[in-house]
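**Student:** First the structure, which I've put down as structure tokens, then a few questions once you've had a look.
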Amino acid sequence: MDFFTPPPRRGRDVAAEERDQPPWTGPPKDLLGGTVAVEKTLFQNDALAIVLASAVAFPENVKFHVRLAARRLLDEDEDTWWERRGLMFEGRRHRTRPSRLLKDEVLRFGVRLPDGTKATTVEGRTHSDESPPPRPEGPVLRLGSGGGGGGGDRMATGHWNLWLWPLPPPEPFEFVVQWPAFDVPLTFTKIDGEALATAAERARPYWS
């Protein structure tokens with residue numbers, strides 16, 4: 001007989017877990033969303049490019065995939081390049097610190113919907129001790145996973161995932177970006193809401 005025995009495993013009520021994850025808290029985990037190749041350049045200069053590469057649409061929200069690429073300019077010294085490269089990857093750490101949300105080093109995203117309402121990664125946080133969190137009064141845009149690397153002393157790339165709730169209507173809306181530390185002004189780019197709505201209709205469960 002074994003002297004040490006493992007504790008009993010707690011059963012998981014998967015259905016209850018899914019019910020506890022309303023659509024304003026994140027993309028559904030049990031659905032394969034419809035993918036849209038957006039491929040829109042949000043900002044570009046000689047040193048930096050920010051591209052909205054694609055979107056994955058679900059019936060009630062949408063996940064965006066943003067890619068970044070930075071390159072060292074010919075007249076840029078090594079210290080400046082490595083400082084700028086580090087900022088590119090470390091800026092994400094400030095996203096959960098309210099006191100730093102509007103610092104110049106923080107990359108900011110937003111959307112402006114056809115009715116004029118907006119959601120941003122600065123204002124789009126909901127704090128609540130309730131589980132599940134209550135339904136927000138307006139649209140929510142949140143930063144998800146991200147990362148980057150590669151390129152060494154000449155180029156660096158990164159990526160960000162964001163999700164927006166609710167799914168925008170099938171009309172054009174604006175995707176917004178600003179990053180003062182990289183001289184990215186407040187920039188608006190038109191996005192095809194109809195393409196997202198059509199993709200959301202293709203979303204389907206992984207298992208029936």
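We name chains A, B, ... following the order of the structure tokens; residues begin at 1 in each chain, and ligands are numbered from 1 as shown.
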Would you kindly return, as a ChimeraX atom specification, each protein, DNA or RNA residue with an atom no farther than 8 Å from any atom of A:Glu39, considering only C-alpha atoms and excluding same-chain residues fewer than 6 positions away?

**Tutor:** /A:51-54

**Student:** I need the residues in stretch 15-121 of chain A that are alpha helix (DSSP H) according to DSSP; give them as a ChimeraX atom specification.

**Tutor:** /A:15-19,78-90

**Student:** Write the selection just made, keeping C-alpha atoms, as a CSV table (one decimal), in the first residue's frame?

**Tutor:**
chain,number,residue,atom,x,y,z
A,15,ALA,CA,-20.6,23.6,-19.7
A,16,ALA,CA,-20.7,25.7,-16.5
A,17,GLU,CA,-17.2,27.2,-17.4
A,18,GLU,CA,-18.4,28.2,-20.8
A,19,ARG,CA,-21.5,29.8,-19.3
A,78,GLU,CA,23.7,51.4,-31.8
A,79,ASP,CA,22.6,52.6,-28.4
A,80,THR,CA,19.5,54.4,-29.9
A,81,TRP,CA,18.5,51.3,-31.9
A,82,TRP,CA,18.7,49.0,-28.9
A,83,GLU,CA,16.8,51.4,-26.7
A,84,ARG,CA,14.1,51.7,-29.4
A,85,ARG,CA,14.0,48.0,-30.0
A,86,GLY,CA,13.7,47.3,-26.2
A,87,LEU,CA,10.8,49.8,-26.0
A,88,MET,CA,9.0,48.0,-28.8
A,89,PHE,CA,8.8,44.8,-26.8
A,90,GLU,CA,8.6,46.2,-23.3

**Student:** Run DSSP on the backbone and give me the residues of stretch 143-204 of chain A it puts in strand (DSSP E), as a ChimeraX atom specification.

**Tutor:** /A:143-149,155-165,173-179,184-191,204

**Student:** Suppose you want the space between atom CA of A:Asp30 and atom CA of A:Trp163; what is it in Å?

**Tutor:**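 Result for atom CA of A:Asp30 versus atom CA of A:Trp163: 15.9 Å, one decimal.
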
**Student:** So that I can see what lies close to A:Asp115, please list as an MDAnalysis selection string the residues with an atom at most 12 Å from it, counting only C-alpha atoms and leaving out residues fewer than 5 positions away in the same chain.

**Tutor:** chainID A and resid 138:139 168:169 171:174

**Student:** Hey, what's within 9 Å of A:Arg154 if we count only C-alpha atoms and toss same-chain stuff fewer than 4 positions away? As number ranges by chain, please?

**Tutor:** A: 70-73, 81

**Student:** Can you tell me which residues surround A:Thr120 at a distance of at most 9 Å, considering only C-alpha atoms, apart from same-chain residues fewer than 4 positions away, and format the answer as a PyMOL selection string?

**Tutor:** chain A and resi 108-112+124-125+139-142+176

**Student:** Would you compute the distance between atom CA of A:Asp104 and atom CA of A:Ala47? Give it in Å to one decimal.

**Tutor:**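 Straight-line distance from atom CA of A:Asp104 to atom CA of A:Ala47 works out to 17.1 Å.
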
**Student:** May I ask which of the residues A:His159, A:Arg204, A:Lys118, A:Lys190 is the closest one to A:Ile50, counting only C-alpha atoms?

**Tutor:** A:His159

**Student:** Of the candidates A:Gly33, A:Gly116, A:Pro27, A:Pro22, which shows the shortest atom-to-atom distance to A:Pro205, using only C-alpha atoms?

**Tutor:**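 Looking only at the distances to A:Pro205, the closest residue turns out to be A:Gly33.
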
**Student:** So, counting only C-alpha atoms, which residue among A:Trp160, A:Phe64, A:Trp179, A:Trp207 is closest to A:Lys103?

**Tutor:**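 Closest to A:Lys103, using only C-alpha atoms: A:Trp179.
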
**Student:** What's the separation between atom CA of A:Glu201 and atom CA of A:Thr121, in Å to one decimal place?

**Tutor:**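 Calculated distance between atom CA of A:Glu201 and atom CA of A:Thr121 is 26.3 Å.
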
**Student:** So which one's closest to A:Gly34, A:Val106, A:Leu186, A:Ala57, A:Leu143? Using only C-alpha atoms, please.

**Tutor:**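 Nearest candidate to A:Gly34 out of A:Val106, A:Leu186, A:Ala57, A:Leu143: A:Ala57.
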
**Student:** Restricting the calculation to only C-alpha atoms, which member of A:Pro114, A:Gly158, A:Pro136, A:Gly26 is positioned closest to A:Ile191?

**Tutor:**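 Selected residue with least distance to A:Ile191: A:Pro114.
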